[in-house]
$ cat input-v1.pdb   # PDB, C-alpha atoms
ATOM      1  CA  MET S   1      12.205  -2.798  21.946
ATOM      2  CA  THR S   2      10.539  -5.820  20.301
ATOM      3  CA  LEU S   3       7.870  -5.451  17.629
ATOM      4  CA  SER S   4       5.343  -6.871  20.038
ATOM      5  CA  GLU S   5       6.136  -4.119  22.558
ATOM      6  CA  LEU S   6       6.127  -1.406  19.888
ATOM      7  CA  LEU S   7       2.741  -2.598  18.626
ATOM      8  CA  SER S   8       1.145  -2.656  22.077
ATOM      9  CA  ARG S   9       2.482   0.791  22.849
ATOM     10  CA  ALA S  10       1.247   2.138  19.520
ATOM     11  CA  ALA S  11      -2.160   0.559  20.159
ATOM     12  CA  ALA S  12      -2.210   2.503  23.431
ATOM     13  CA  GLY S  13      -1.512   5.719  21.526
ATOM     14  CA  ASP S  14       2.268   6.005  21.968
ATOM     15  CA  GLN S  15       3.344   8.143  18.996
ATOM     16  CA  ALA S  16       7.071   7.448  19.453
ATOM     17  CA  ALA S  17       6.472   3.686  19.277
ATOM     18  CA  TRP S  18       4.325   4.157  16.171
ATOM     19  CA  ASN S  19       6.989   6.325  14.525
ATOM     20  CA  ALA S  20       9.559   3.625  15.196
ATOM     21  CA  ILE S  21       7.337   1.109  13.361
ATOM     22  CA  VAL S  22       6.837   3.515  10.434
ATOM     23  CA  ASP S  23      10.561   4.245  10.210
ATOM     24  CA  ARG S  24      11.439   0.581  10.245
ATOM     25  CA  PHE S  25       9.016  -0.530   7.531
ATOM     26  CA  SER S  26       8.228   2.473   5.333
ATOM     27  CA  SER S  27      10.951   1.516   2.864
ATOM     28  CA  LEU S  28       9.565  -2.039   2.560
ATOM     29  CA  VAL S  29       5.995  -0.785   2.001
ATOM     30  CA  TRP S  30       7.168   1.723  -0.619
ATOM     31  CA  ALA S  31       9.359  -0.838  -2.393
ATOM     32  CA  THR S  32       6.431  -3.289  -2.500
ATOM     33  CA  ALA S  33       4.245  -0.766  -4.323
ATOM     34  CA  ARG S  34       7.058   0.253  -6.694
ATOM     35  CA  ALA S  35       7.889  -3.408  -7.365
ATOM     36  CA  HIS S  36       4.324  -3.640  -8.729
ATOM     37  CA  ARG S  37       5.377  -1.037 -11.279
ATOM     38  CA  LEU S  38       3.077   1.622  -9.912
ATOM     39  CA  SER S  39       3.694   5.296 -10.584
ATOM     40  CA  ARG S  40       4.795   7.445  -7.661
ATOM     41  CA  ASP S  41       1.245   8.771  -7.175
ATOM     42  CA  ASP S  42      -0.294   5.306  -7.132
ATOM     43  CA  ALA S  43       2.500   3.989  -4.900
ATOM     44  CA  ALA S  44       1.807   6.841  -2.467
ATOM     45  CA  ASP S  45      -1.878   5.851  -2.439
ATOM     46  CA  VAL S  46      -0.921   2.234  -1.709
ATOM     47  CA  ALA S  47       1.518   3.164   1.057
ATOM     48  CA  GLN S  48      -0.992   5.478   2.761
ATOM     49  CA  THR S  49      -3.772   2.886   2.646
ATOM     50  CA  THR S  50      -1.410   0.225   3.976
ATOM     51  CA  TRP S  51      -0.574   2.340   7.020
ATOM     52  CA  LEU S  52      -4.265   3.100   7.631
ATOM     53  CA  ARG S  53      -4.958  -0.660   7.504
ATOM     54  CA  LEU S  54      -2.322  -1.255  10.168
ATOM     55  CA  VAL S  55      -3.922   1.423  12.367
ATOM     56  CA  GLU S  56      -7.301  -0.307  11.863
ATOM     57  CA  HIS S  57      -5.763  -3.578  12.982
ATOM     58  CA  LEU S  58      -3.645  -2.323  15.887
ATOM     59  CA  GLY S  59      -4.177  -4.634  18.823
ATOM     60  CA  ARG S  60      -5.203  -7.450  16.493
ATOM     61  CA  ILE S  61      -1.911  -8.393  14.818
ATOM     62  CA  ARG S  62      -1.622 -12.065  15.724
ATOM     63  CA  GLU S  63       2.079 -12.505  15.085
ATOM     64  CA  PRO S  64       3.821  -9.219  15.882
ATOM     65  CA  GLU S  65       7.265 -10.564  14.999
ATOM     66  CA  ARG S  66       5.985 -11.096  11.440
ATOM     67  CA  LEU S  67       4.711  -7.532  11.048
ATOM     68  CA  GLY S  68       6.950  -6.940   8.006
ATOM     69  CA  ALA S  69       5.285  -9.813   6.143
ATOM     70  CA  TRP S  70       1.837  -8.538   7.210
ATOM     71  CA  LEU S  71       2.613  -5.079   5.835
ATOM     72  CA  ALA S  72       4.103  -6.515   2.632
ATOM     73  CA  THR S  73       0.995  -8.675   2.090
ATOM     74  CA  THR S  74      -1.277  -5.693   2.703
ATOM     75  CA  ALA S  75       0.734  -3.459   0.370
ATOM     76  CA  ARG S  76       0.603  -6.176  -2.292
ATOM     77  CA  HIS S  77      -3.199  -6.428  -1.989
ATOM     78  CA  GLU S  78      -3.552  -2.660  -2.183
ATOM     79  CA  SER S  79      -1.238  -2.569  -5.212
ATOM     80  CA  LEU S  80      -3.377  -5.150  -7.006
ATOM     81  CA  ARG S  81      -6.472  -3.146  -6.044
ATOM     82  CA  VAL S  82      -5.016  -0.014  -7.644
ATOM     83  CA  ILE S  83      -4.042  -1.962 -10.768
ATOM     84  CA  ARG S  84      -7.618  -3.298 -11.061
ATOM     85  CA  ARG S  85      -9.198   0.054 -10.321
ATOM     86  CA  THR S  86      -7.270   1.741 -13.055
ATOM     87  CA  GLY S  87      -8.027  -1.195 -15.317
ATOM     88  CA  ARG S  88      -4.563  -1.743 -16.592
ATOM     89  CA  GLU S  89      -1.960  -4.399 -16.207
ATOM     90  CA  GLN S  90       0.876  -1.950 -16.148
ATOM     91  CA  PRO S  91       1.107   1.719 -15.478
ATOM     92  CA  THR S  92       1.067   3.937 -18.526
ATOM     93  CA  ASP S  93       3.678   6.207 -17.037
ATOM     94  CA  GLU S  94       6.110   3.407 -16.522
ATOM     95  CA  SER S  95       8.878   5.751 -17.512
ATOM     96  CA  ASP S  96       8.721   7.411 -14.107
ATOM     97  CA  LEU S  97       9.352   4.063 -12.467
ATOM     98  CA  PHE S  98      12.446   2.306 -13.614
ATOM     99  CA  GLU S  99      13.816   4.767 -16.063
ATOM    100  CA  ALA S 100      17.467   5.509 -15.698
ATOM    101  CA  PRO S 101      17.832   8.875 -14.012
ATOM    102  CA  ASP S 102      19.047  11.526 -16.420
ATOM    103  CA  ASP S 103      22.481  13.076 -16.036
ATOM    104  CA  GLU S 104      21.016  16.145 -14.379
ATOM    105  CA  THR S 105      19.404  14.040 -11.634
ATOM    106  CA  LEU S 106      22.573  12.075 -11.064
ATOM    107  CA  ASP S 107      24.567  15.260 -11.029
ATOM    108  CA  ARG S 108      22.250  16.915  -8.557
ATOM    109  CA  HIS S 109      22.695  13.977  -6.219
ATOM    110  CA  LEU S 110      26.440  13.999  -6.740
ATOM    111  CA  LEU S 111      26.427  10.499  -8.098
ATOM    112  CA  ASP S 112      29.099   9.067 -10.296
ATOM    113  CA  LEU S 113      27.612   9.718 -13.728
ATOM    114  CA  GLU S 114      29.365   7.008 -15.607
ATOM    115  CA  ARG S 115      29.282   4.217 -13.103
ATOM    116  CA  ASP S 116      25.860   4.827 -11.483
ATOM    117  CA  GLY S 117      24.289   5.771 -14.784
ATOM    118  CA  SER S 118      25.378   2.557 -16.437
ATOM    119  CA  LEU S 119      24.308   0.471 -13.426
ATOM    120  CA  TRP S 120      20.820   2.005 -13.398
ATOM    121  CA  ARG S 121      20.461   1.678 -17.172
ATOM    122  CA  ALA S 122      21.433  -1.982 -16.895
ATOM    123  CA  PHE S 123      18.846  -2.399 -14.134
ATOM    124  CA  ALA S 124      16.185  -0.718 -16.278
ATOM    125  CA  ALA S 125      16.940  -3.161 -19.102
ATOM    126  CA  LEU S 126      16.319  -6.286 -16.972
ATOM    127  CA  SER S 127      13.171  -8.398 -17.271
ATOM    128  CA  ASP S 128      10.101  -7.239 -15.319
ATOM    129  CA  ARG S 129      10.470 -10.148 -12.924
ATOM    130  CA  CYS S 130      14.074  -9.201 -12.152
ATOM    131  CA  LYS S 131      13.249  -5.520 -11.763
ATOM    132  CA  SER S 132      10.427  -6.279  -9.335
ATOM    133  CA  LEU S 133      12.511  -8.620  -7.220
ATOM    134  CA  LEU S 134      15.582  -6.382  -7.146
ATOM    135  CA  ARG S 135      13.542  -3.226  -6.418
ATOM    136  CA  LEU S 136      12.104  -5.006  -3.425
ATOM    137  CA  LEU S 137      15.525  -6.203  -2.253
ATOM    138  CA  MET S 138      16.711  -2.570  -2.440
ATOM    139  CA  ALA S 139      14.485  -1.727   0.534
ATOM    140  CA  GLU S 140      16.427  -0.631   3.601
ATOM    141  CA  ASP S 141      17.547  -3.365   6.019
ATOM    142  CA  GLU S 142      17.325  -5.983   3.258
ATOM    143  CA  PRO S 143      13.871  -7.597   3.601
ATOM    144  CA  THR S 144      13.662 -11.223   4.709
ATOM    145  CA  TYR S 145      12.681 -13.829   2.132
ATOM    146  CA  GLU S 146       9.371 -14.208   3.920
ATOM    147  CA  GLU S 147       8.720 -10.479   3.424
ATOM    148  CA  VAL S 148       9.827 -10.646  -0.211
ATOM    149  CA  GLY S 149       7.558 -13.635  -0.844
ATOM    150  CA  ALA S 150       4.629 -11.815   0.775
ATOM    151  CA  ALA S 151       5.316  -8.615  -1.176
ATOM    152  CA  LEU S 152       5.541 -10.304  -4.571
ATOM    153  CA  GLY S 153       3.315 -13.339  -4.119
ATOM    154  CA  MET S 154       6.373 -15.451  -4.876
ATOM    155  CA  PRO S 155       7.266 -18.836  -3.325
ATOM    156  CA  VAL S 156      10.089 -18.322  -0.835
ATOM    157  CA  GLY S 157      12.082 -21.146  -2.475
ATOM    158  CA  ALA S 158      12.175 -19.279  -5.796
ATOM    159  CA  ILE S 159      13.637 -16.081  -4.360
ATOM    160  CA  GLY S 160      17.281 -17.128  -3.839
ATOM    161  CA  PRO S 161      17.831 -18.620  -7.333
ATOM    162  CA  THR S 162      15.977 -15.737  -9.030
ATOM    163  CA  ARG S 163      17.968 -13.188  -7.052
ATOM    164  CA  MET S 164      21.222 -14.811  -8.109
ATOM    165  CA  ARG S 165      20.202 -15.039 -11.781
ATOM    166  CA  CYS S 166      19.029 -11.398 -11.877
ATOM    167  CA  LEU S 167      22.181 -10.075 -10.209
ATOM    168  CA  ASP S 168      24.333 -12.153 -12.585
ATOM    169  CA  ARG S 169      22.571 -10.689 -15.554
ATOM    170  CA  LEU S 170      22.878  -7.206 -14.133
ATOM    171  CA  ARG S 171      26.598  -7.627 -13.528
ATOM    172  CA  SER S 172      27.336  -8.926 -17.019
ATOM    173  CA  THR S 173      25.289  -6.126 -18.620
ATOM    174  CA  THR S 174      27.021  -3.517 -16.504
ATOM    175  CA  GLU S 175      30.436  -4.921 -17.370
ATOM    176  CA  ILE S 176      29.599  -4.858 -21.060
ATOM    177  CA  ALA S 177      28.346  -1.302 -20.751
ATOM    178  CA  GLN S 178      31.574  -0.280 -19.047
ATOM    179  CA  LEU S 179      33.709  -1.964 -21.682
ATOM    180  CA  GLY S 180      31.889  -0.051 -24.362
ATOM    181  CA  ALA S 181      32.216   3.264 -22.565
TER     182      ALA S 181
ATOM    183  CA  MET U   1      27.354 -20.801  -4.031
ATOM    184  CA  SER U   2      30.862 -19.799  -2.979
ATOM    185  CA  ASP U   3      31.415 -17.049  -0.417
ATOM    186  CA  ASP U   4      33.056 -14.994  -3.140
ATOM    187  CA  GLN U   5      29.934 -15.064  -5.215
ATOM    188  CA  SER U   6      27.701 -14.157  -2.331
ATOM    189  CA  ASP U   7      30.027 -11.264  -1.401
ATOM    190  CA  HIS U   8      29.737  -9.987  -4.960
ATOM    191  CA  GLU U   9      25.962 -10.278  -4.845
ATOM    192  CA  ALA U  10      25.743  -8.415  -1.564
ATOM    193  CA  GLU U  11      28.019  -5.692  -2.893
ATOM    194  CA  LEU U  12      26.022  -5.191  -6.072
ATOM    195  CA  LEU U  13      22.770  -5.113  -4.126
ATOM    196  CA  GLY U  14      24.310  -2.581  -1.772
ATOM    197  CA  GLU U  15      25.108  -0.320  -4.717
ATOM    198  CA  LEU U  16      21.574  -0.633  -6.040
ATOM    199  CA  ARG U  17      20.183   0.188  -2.587
ATOM    200  CA  ARG U  18      22.318   3.304  -2.422
ATOM    201  CA  LEU U  19      21.044   4.372  -5.836
ATOM    202  CA  ALA U  20      17.401   3.666  -4.921
ATOM    203  CA  ARG U  21      17.828   5.772  -1.783
ATOM    204  CA  THR U  22      18.698   8.682  -4.050
ATOM    205  CA  VAL U  23      16.510   8.230  -7.119
ATOM    206  CA  ASP U  24      13.434   6.559  -5.572
ATOM    207  CA  PRO U  25      13.175   7.411  -1.867
ATOM    208  CA  VAL U  26       9.972   7.154   0.171
ATOM    209  CA  PRO U  27       8.338  10.572  -0.386
ATOM    210  CA  GLU U  28       8.309  12.730   2.726
ATOM    211  CA  ASP U  29       4.566  13.342   2.519
ATOM    212  CA  VAL U  30       3.978   9.575   2.579
ATOM    213  CA  THR U  31       6.039   9.236   5.747
ATOM    214  CA  ALA U  32       4.242  12.213   7.295
ATOM    215  CA  PHE U  33       0.865  10.658   6.434
ATOM    216  CA  ALA U  34       1.956   7.326   7.913
ATOM    217  CA  ARG U  35       3.018   8.946  11.172
ATOM    218  CA  ALA U  36      -0.197  10.967  11.441
ATOM    219  CA  ALA U  37      -2.274   7.854  10.690
ATOM    220  CA  LEU U  38      -2.013   6.836  14.348
ATOM    221  CA  GLY U  39      -4.536   9.603  14.989
ATOM    222  CA  TRP U  40      -7.197   7.334  13.417
ATOM    223  CA  ARG U  41      -6.643   4.679  16.068
ATOM    224  CA  ARG U  42      -9.930   3.311  17.359
ATOM    225  CA  VAL U  43     -10.315   3.767  21.075
ATOM    226  CA  ASP U  44     -13.881   2.753  21.843
ATOM    227  CA  SER U  45     -15.267   1.904  18.451
ATOM    228  CA  GLU U  46     -15.536  -1.310  16.521
ATOM    229  CA  LEU U  47     -14.146  -2.094  13.062
ATOM    230  CA  ALA U  48     -16.441  -3.283  10.265
ATOM    231  CA  GLU U  49     -14.108  -5.084   7.869
ATOM    232  CA  LEU U  50     -14.524  -5.097   4.126
ATOM    233  CA  LEU U  51     -16.056  -8.408   3.070
ATOM    234  CA  ALA U  52     -16.699  -7.834  -0.609
ATOM    235  CA  ASP U  53     -16.138  -5.197  -3.259
ATOM    236  CA  SER U  54     -17.714  -5.640  -6.676
ATOM    237  CA  ARG U  55     -14.875  -3.669  -8.233
ATOM    238  CA  LEU U  56     -12.399  -6.375  -7.251
ATOM    239  CA  ASP U  57     -14.595  -9.149  -8.586
ATOM    240  CA  THR U  58     -14.190  -9.309 -12.342
ATOM    241  CA  GLU U  59     -17.361 -11.344 -12.858
ATOM    242  CA  SER U  60     -19.575  -8.878 -11.079
ATOM    243  CA  LEU U  61     -17.713  -6.042 -12.756
ATOM    244  CA  ALA U  62     -18.813  -7.372 -16.108
ATOM    245  CA  ARG U  63     -22.319  -7.791 -14.731
ATOM    246  CA  SER U  64     -22.529  -4.368 -13.159
ATOM    247  CA  GLU U  65     -21.821  -2.400 -16.271
ATOM    248  CA  GLY U  66     -25.558  -1.801 -16.517
ATOM    249  CA  ASP U  67     -27.564  -0.112 -13.775
ATOM    250  CA  SER U  68     -26.049  -0.947 -10.455
ATOM    251  CA  GLY U  69     -23.091   0.934  -9.058
ATOM    252  CA  ARG U  70     -20.213  -0.406  -7.037
ATOM    253  CA  LEU U  71     -21.298  -2.725  -4.236
ATOM    254  CA  LEU U  72     -19.439  -2.962  -0.940
ATOM    255  CA  SER U  73     -20.133  -5.096   2.129
ATOM    256  CA  PHE U  74     -18.687  -4.642   5.598
ATOM    257  CA  ARG U  75     -19.092  -6.722   8.739
ATOM    258  CA  ALA U  76     -18.575  -5.965  12.421
ATOM    259  CA  ALA U  77     -19.350  -8.361  15.277
ATOM    260  CA  ASP U  78     -23.071  -7.511  15.427
ATOM    261  CA  LEU U  79     -23.687  -5.313  12.399
ATOM    262  CA  GLU U  80     -23.454  -5.666   8.645
ATOM    263  CA  LEU U  81     -23.429  -2.817   6.144
ATOM    264  CA  ASP U  82     -24.194  -3.096   2.470
ATOM    265  CA  LEU U  83     -23.411  -0.075   0.332
ATOM    266  CA  GLU U  84     -24.013   0.857  -3.258
ATOM    267  CA  LEU U  85     -21.976   3.741  -4.668
ATOM    268  CA  ARG U  86     -23.202   5.577  -7.740
ATOM    269  CA  GLU U  87     -21.705   8.536  -9.510
ATOM    270  CA  THR U  88     -24.156  11.279 -10.421
ATOM    271  CA  ASP U  89     -23.894  14.695 -12.039
ATOM    272  CA  ARG U  90     -23.527  16.306  -8.656
ATOM    273  CA  GLY U  91     -21.186  13.822  -7.042
ATOM    274  CA  ILE U  92     -21.523  10.431  -5.399
ATOM    275  CA  VAL U  93     -24.602   8.836  -3.852
ATOM    276  CA  ILE U  94     -24.224   6.108  -1.250
ATOM    277  CA  LEU U  95     -27.288   3.916  -0.730
ATOM    278  CA  GLY U  96     -26.965   1.722   2.313
ATOM    279  CA  GLN U  97     -28.615  -0.930   4.421
ATOM    280  CA  LEU U  98     -27.806  -1.902   7.996
ATOM    281  CA  ALA U  99     -28.458  -5.449   9.180
ATOM    282  CA  PRO U 100     -29.955  -6.109  11.597
ATOM    283  CA  ALA U 101     -32.196  -3.168  10.714
ATOM    284  CA  THR U 102     -31.713  -0.368  13.190
ATOM    285  CA  PRO U 103     -32.027   3.395  13.215
ATOM    286  CA  ALA U 104     -28.619   5.076  13.367
ATOM    287  CA  GLN U 105     -26.673   8.254  12.718
ATOM    288  CA  LEU U 106     -24.045   8.076   9.982
ATOM    289  CA  ASP U 107     -21.001  10.168   9.134
ATOM    290  CA  VAL U 108     -18.754   9.886   6.092
ATOM    291  CA  GLN U 109     -15.213  10.822   7.135
ATOM    292  CA  ARG U 110     -12.393  11.481   4.712
ATOM    293  CA  ASP U 111      -8.740  10.759   5.501
ATOM    294  CA  ASP U 112      -8.003  14.484   5.792
ATOM    295  CA  ARG U 113     -10.494  14.537   8.693
ATOM    296  CA  ALA U 114     -13.205  16.331   6.718
ATOM    297  CA  THR U 115     -16.775  15.085   7.229
ATOM    298  CA  LEU U 116     -18.144  14.737   3.700
ATOM    299  CA  ALA U 117     -21.726  13.829   4.618
ATOM    300  CA  THR U 118     -23.987  13.016   7.543
ATOM    301  CA  GLY U 119     -27.323  11.270   7.554
ATOM    302  CA  SER U 120     -29.493   8.774   9.355
ATOM    303  CA  ALA U 121     -30.797   5.291   8.776
ATOM    304  CA  ASP U 122     -34.570   4.805   8.985
ATOM    305  CA  ASP U 123     -36.433   2.204  11.051
ATOM    306  CA  VAL U 124     -35.645  -0.528   8.574
ATOM    307  CA  GLY U 125     -31.956   0.408   8.463
ATOM    308  CA  ARG U 126     -31.889   2.103   5.073
ATOM    309  CA  PHE U 127     -29.950   5.291   4.405
ATOM    310  CA  ARG U 128     -28.870   7.580   1.601
ATOM    311  CA  LEU U 129     -25.810   9.850   1.700
ATOM    312  CA  GLU U 130     -24.725  12.368  -0.884
ATOM    313  CA  LEU U 131     -21.090  13.343  -1.339
ATOM    314  CA  THR U 132     -19.965  16.269  -3.407
ATOM    315  CA  GLU U 133     -16.297  15.402  -2.949
ATOM    316  CA  ARG U 134     -14.323  12.250  -3.504
ATOM    317  CA  GLY U 135     -11.472  10.634  -1.652
ATOM    318  CA  ARG U 136     -10.505   7.843   0.722
ATOM    319  CA  VAL U 137     -13.397   7.603   3.181
ATOM    320  CA  ARG U 138     -15.035   5.501   5.883
ATOM    321  CA  LEU U 139     -18.480   5.411   7.466
ATOM    322  CA  VAL U 140     -19.049   5.865  11.169
ATOM    323  CA  VAL U 141     -22.301   4.354  12.423
ATOM    324  CA  ARG U 142     -23.777   5.399  15.769
ATOM    325  CA  ARG U 143     -26.701   3.343  17.018
ATOM    326  CA  ASP U 144     -28.067   3.884  20.502
ATOM    327  CA  PRO U 145     -25.860   6.103  22.625
ATOM    328  CA  HIS U 146     -24.762   3.235  24.845
ATOM    329  CA  ALA U 147     -23.369   1.028  22.078
ATOM    330  CA  ALA U 148     -19.864   1.527  20.705
ATOM    331  CA  PRO U 149     -19.800   3.241  17.297
ATOM    332  CA  VAL U 150     -18.921   1.058  14.328
ATOM    333  CA  GLU U 151     -16.365   2.266  11.777
ATOM    334  CA  THR U 152     -15.867   0.708   8.358
ATOM    335  CA  SER U 153     -12.487   0.040   6.808
ATOM    336  CA  TRP U 154     -11.269   2.802   4.529
ATOM    337  CA  PHE U 155     -12.394   2.684   0.910
ATOM    338  CA  ASP U 156     -12.158   4.918  -2.145
ATOM    339  CA  ALA U 157     -15.223   6.897  -3.112
ATOM    340  CA  PRO U 158     -16.396   6.444  -5.803
TER     341      PRO U 158
END
$ encode --input "input-v1.pdb" --output "structure tokens"
Amino acid sequence: MTLSELLSRAAAGDQAAWNAIVDRFSSLVWATARAHRLSRDDAADVAQTTWLRLVEHLGRIREPERLGAWLATTARHESLRVIRRTGREQPTDESDLFEAPDDETLDRHLLDLERDGSLWRAFAALSDRCKSLLRLLMAEDEPTYEEVGAALGMPVGAIGPTRMRCLDRLRSTTEIAQLGA
Amino acid sequence: MSDDQSDHEAELLGELRRLARTVDPVPEDVTAFARAALGWRRVDSELAELLADSRLDTESLARSEGDSGRLLSFRAADLELDLELRETDRGIVILGQLAPATPAQLDVQRDDRATLATGSADDVGRFRLELTERGRVRLVVRRDPHAAPVETSWFDAP
């Protein structure tokens, strides 16, 4: 079913159509808030408000096929609102955001301690710009560049080169970390 | 960029995505909230969109450190609402003005479906609502029984 059909059905109260929209974009909305370096609590606030805004605007989305970009823009605005409300540029509990998971967490999830641990530590050591962009690109069904641009307020033309540079840096750091292990 | 390079990039990103799925997934309560949000769909009411919020305007923030509280403006097709939110010892006071001036019934709804306050606007469209609890709220304005109710966008109180 197309996004246009899902949106009209949801506007008419079809819960299954609405759930399909939520399932498709919840990862993008969450990643947008987390890419703004918000704590889990603040990111949850942003995600909830973003979904309420879509409900408010059901039946009035002008370009249904660009719903992902609309949600990313809304989640970005709500993220900036939370940052202003709390009066800080960056969250104080940043540690909960991009910190490498501890061995216990990795173990619990049956991840490869050495490999995944070193990858996540290398990610955590990247610049803020790289972390934001890569966290967004980690959303399910890799977001389009239009969605990424909307989520981060970044020109679409800058995304490809930045993505390549950040992944290069991540790979070289990870390789160094593995050599030293 | 060679295909090799782009394959490497895609592979690395795939690994990161797998990790994010495990260490930073969308919380289940957020997904549950999102699904339930459809229940707030407007059927026969009209949306009053947020036009201005003094909290998001750094100049007025600096200015409002004195007496006035947070100022919010909303607009629907034929109704404007101006609100001032102040924190008091007992909770939050909302002072409001409807334009054009009209008597009306008002409800403050919270996103957990609780009604935090009810009140009415006088002949010149002024009203005062007192909240003892905080949260994400909206106002529902009912003018004469034949007109569609107006609902504001959601906002945080205070």
$ resolve_selection --input "input-v1.pdb" --expression "the ChimeraX specification (/S :<10) & /U" --output "mmCIF file with C-alpha atoms, in the frame of the given file"
data_model
loop_
_atom_site.group_PDB
_atom_site.id
_atom_site.type_symbol
_atom_site.label_atom_id
_atom_site.label_comp_id
_atom_site.auth_asym_id
_atom_site.auth_seq_id
_atom_site.Cartn_x
_atom_site.Cartn_y
_atom_site.Cartn_z
ATOM 1 C CA MET U 1 27.354 -20.801 -4.031
ATOM 2 C CA GLN U 5 29.934 -15.064 -5.215
ATOM 3 C CA SER U 6 27.701 -14.157 -2.331
ATOM 4 C CA HIS U 8 29.737 -9.987 -4.960
ATOM 5 C CA GLU U 9 25.962 -10.278 -4.845
ATOM 6 C CA ALA U 10 25.743 -8.415 -1.564
ATOM 7 C CA LEU U 12 26.022 -5.191 -6.072
ATOM 8 C CA LEU U 13 22.770 -5.113 -4.126
ATOM 9 C CA GLY U 14 24.310 -2.581 -1.772
ATOM 10 C CA GLU U 15 25.108 -0.320 -4.717
ATOM 11 C CA LEU U 16 21.574 -0.633 -6.040
ATOM 12 C CA ARG U 17 20.183 0.188 -2.587
ATOM 13 C CA ARG U 18 22.318 3.304 -2.422
ATOM 14 C CA LEU U 19 21.044 4.372 -5.836
ATOM 15 C CA ALA U 20 17.401 3.666 -4.921
ATOM 16 C CA ARG U 21 17.828 5.772 -1.783
ATOM 17 C CA THR U 22 18.698 8.682 -4.050
ATOM 18 C CA VAL U 23 16.510 8.230 -7.119
ATOM 19 C CA ASP U 24 13.434 6.559 -5.572
ATOM 20 C CA PRO U 25 13.175 7.411 -1.867
ATOM 21 C CA VAL U 26 9.972 7.154 0.171
ATOM 22 C CA PRO U 27 8.338 10.572 -0.386
ATOM 23 C CA ASP U 29 4.566 13.342 2.519
ATOM 24 C CA VAL U 30 3.978 9.575 2.579
ATOM 25 C CA THR U 31 6.039 9.236 5.747
ATOM 26 C CA ALA U 32 4.242 12.213 7.295
ATOM 27 C CA PHE U 33 0.865 10.658 6.434
ATOM 28 C CA ALA U 34 1.956 7.326 7.913
ATOM 29 C CA ARG U 35 3.018 8.946 11.172
ATOM 30 C CA ALA U 36 -0.197 10.967 11.441
ATOM 31 C CA ALA U 37 -2.274 7.854 10.690
ATOM 32 C CA LEU U 38 -2.013 6.836 14.348
ATOM 33 C CA GLY U 39 -4.536 9.603 14.989
ATOM 34 C CA TRP U 40 -7.197 7.334 13.417
ATOM 35 C CA ARG U 41 -6.643 4.679 16.068
ATOM 36 C CA ARG U 42 -9.930 3.311 17.359
ATOM 37 C CA VAL U 43 -10.315 3.767 21.075
ATOM 38 C CA GLU U 46 -15.536 -1.310 16.521
ATOM 39 C CA LEU U 47 -14.146 -2.094 13.062
ATOM 40 C CA ALA U 48 -16.441 -3.283 10.265
ATOM 41 C CA GLU U 49 -14.108 -5.084 7.869
ATOM 42 C CA ARG U 55 -14.875 -3.669 -8.233
ATOM 43 C CA LEU U 56 -12.399 -6.375 -7.251
ATOM 44 C CA ASP U 57 -14.595 -9.149 -8.586
ATOM 45 C CA THR U 58 -14.190 -9.309 -12.342
ATOM 46 C CA ASP U 111 -8.740 10.759 5.501
ATOM 47 C CA ARG U 136 -10.505 7.843 0.722
ATOM 48 C CA GLU U 151 -16.365 2.266 11.777
ATOM 49 C CA THR U 152 -15.867 0.708 8.358
ATOM 50 C CA SER U 153 -12.487 0.040 6.808
ATOM 51 C CA TRP U 154 -11.269 2.802 4.529
ATOM 52 C CA PHE U 155 -12.394 2.684 0.910
ATOM 53 C CA ASP U 156 -12.158 4.918 -2.145
#
$ atom_distance --input "input-v1.pdb" --atom1 "atom CA of U:Glu130" --atom2 "atom CA of U:His146"
27.3 Å
$ resolve_selection --input "input-v1.pdb" --expression "the PyMOL selection byres ((chain U and resi 80) around 6)" --output "JSON, numbers by chain"
{"U": [74, 75, 79, 81, 98, 99]}
$ resolve_selection --input "input-v1.pdb" --expression "the PyMOL selection byres ((chain U and resi 122) around 10)" --output "list in words"
Gln97, Leu98, Ala101, Thr102, Pro103, Ala104, Gln105, Gly119, Ser120, Ala121, Asp123, Val124, Gly125, Arg126, Phe127 and Arg128 of chain U
$ write_last_selection --input "input-v1.pdb" --atoms "C-alpha atoms" --output "short mmCIF file (atom, residue, chain, number, x, y, z; two decimals), in the frame of the given file"
data_model
loop_
_atom_site.label_atom_id
_atom_site.label_comp_id
_atom_site.auth_asym_id
_atom_site.auth_seq_id
_atom_site.Cartn_x
_atom_site.Cartn_y
_atom_site.Cartn_z
CA GLN U 97 -28.62 -0.93 4.42
CA LEU U 98 -27.81 -1.90 8.00
CA ALA U 101 -32.20 -3.17 10.71
CA THR U 102 -31.71 -0.37 13.19
CA PRO U 103 -32.03 3.40 13.22
CA ALA U 104 -28.62 5.08 13.37
CA GLN U 105 -26.67 8.25 12.72
CA GLY U 119 -27.32 11.27 7.55
CA SER U 120 -29.49 8.77 9.36
CA ALA U 121 -30.80 5.29 8.78
CA ASP U 123 -36.43 2.20 11.05
CA VAL U 124 -35.65 -0.53 8.57
CA GLY U 125 -31.96 0.41 8.46
CA ARG U 126 -31.89 2.10 5.07
CA PHE U 127 -29.95 5.29 4.40
CA ARG U 128 -28.87 7.58 1.60
#
$ closest_residue --input "input-v1.pdb" --among "U:Asp78, U:Leu83, U:Glu28, U:Asp89" --to "U:Ala148" --atoms "all atoms listed in the file"
U:Asp78
$ axis_aligned_box --input "input-v1.pdb" --around "stretch 56-62 of chain S" --padding-each-side "3 Å" --output "lines of an AutoDock Vina configuration file"
center_x = -4.5
center_y = -6.2
center_z = 15.3
size_x = 11.7
size_y = 17.8
size_z = 13.0
$ residues_around --input "input-v1.pdb" --residues "U:Leu131" --least-positions-apart "5" --cutoff "8 Å" --atoms "all atoms listed in the file" --output "VMD selection string"
chain U and resid 91 to 94 116 to 117
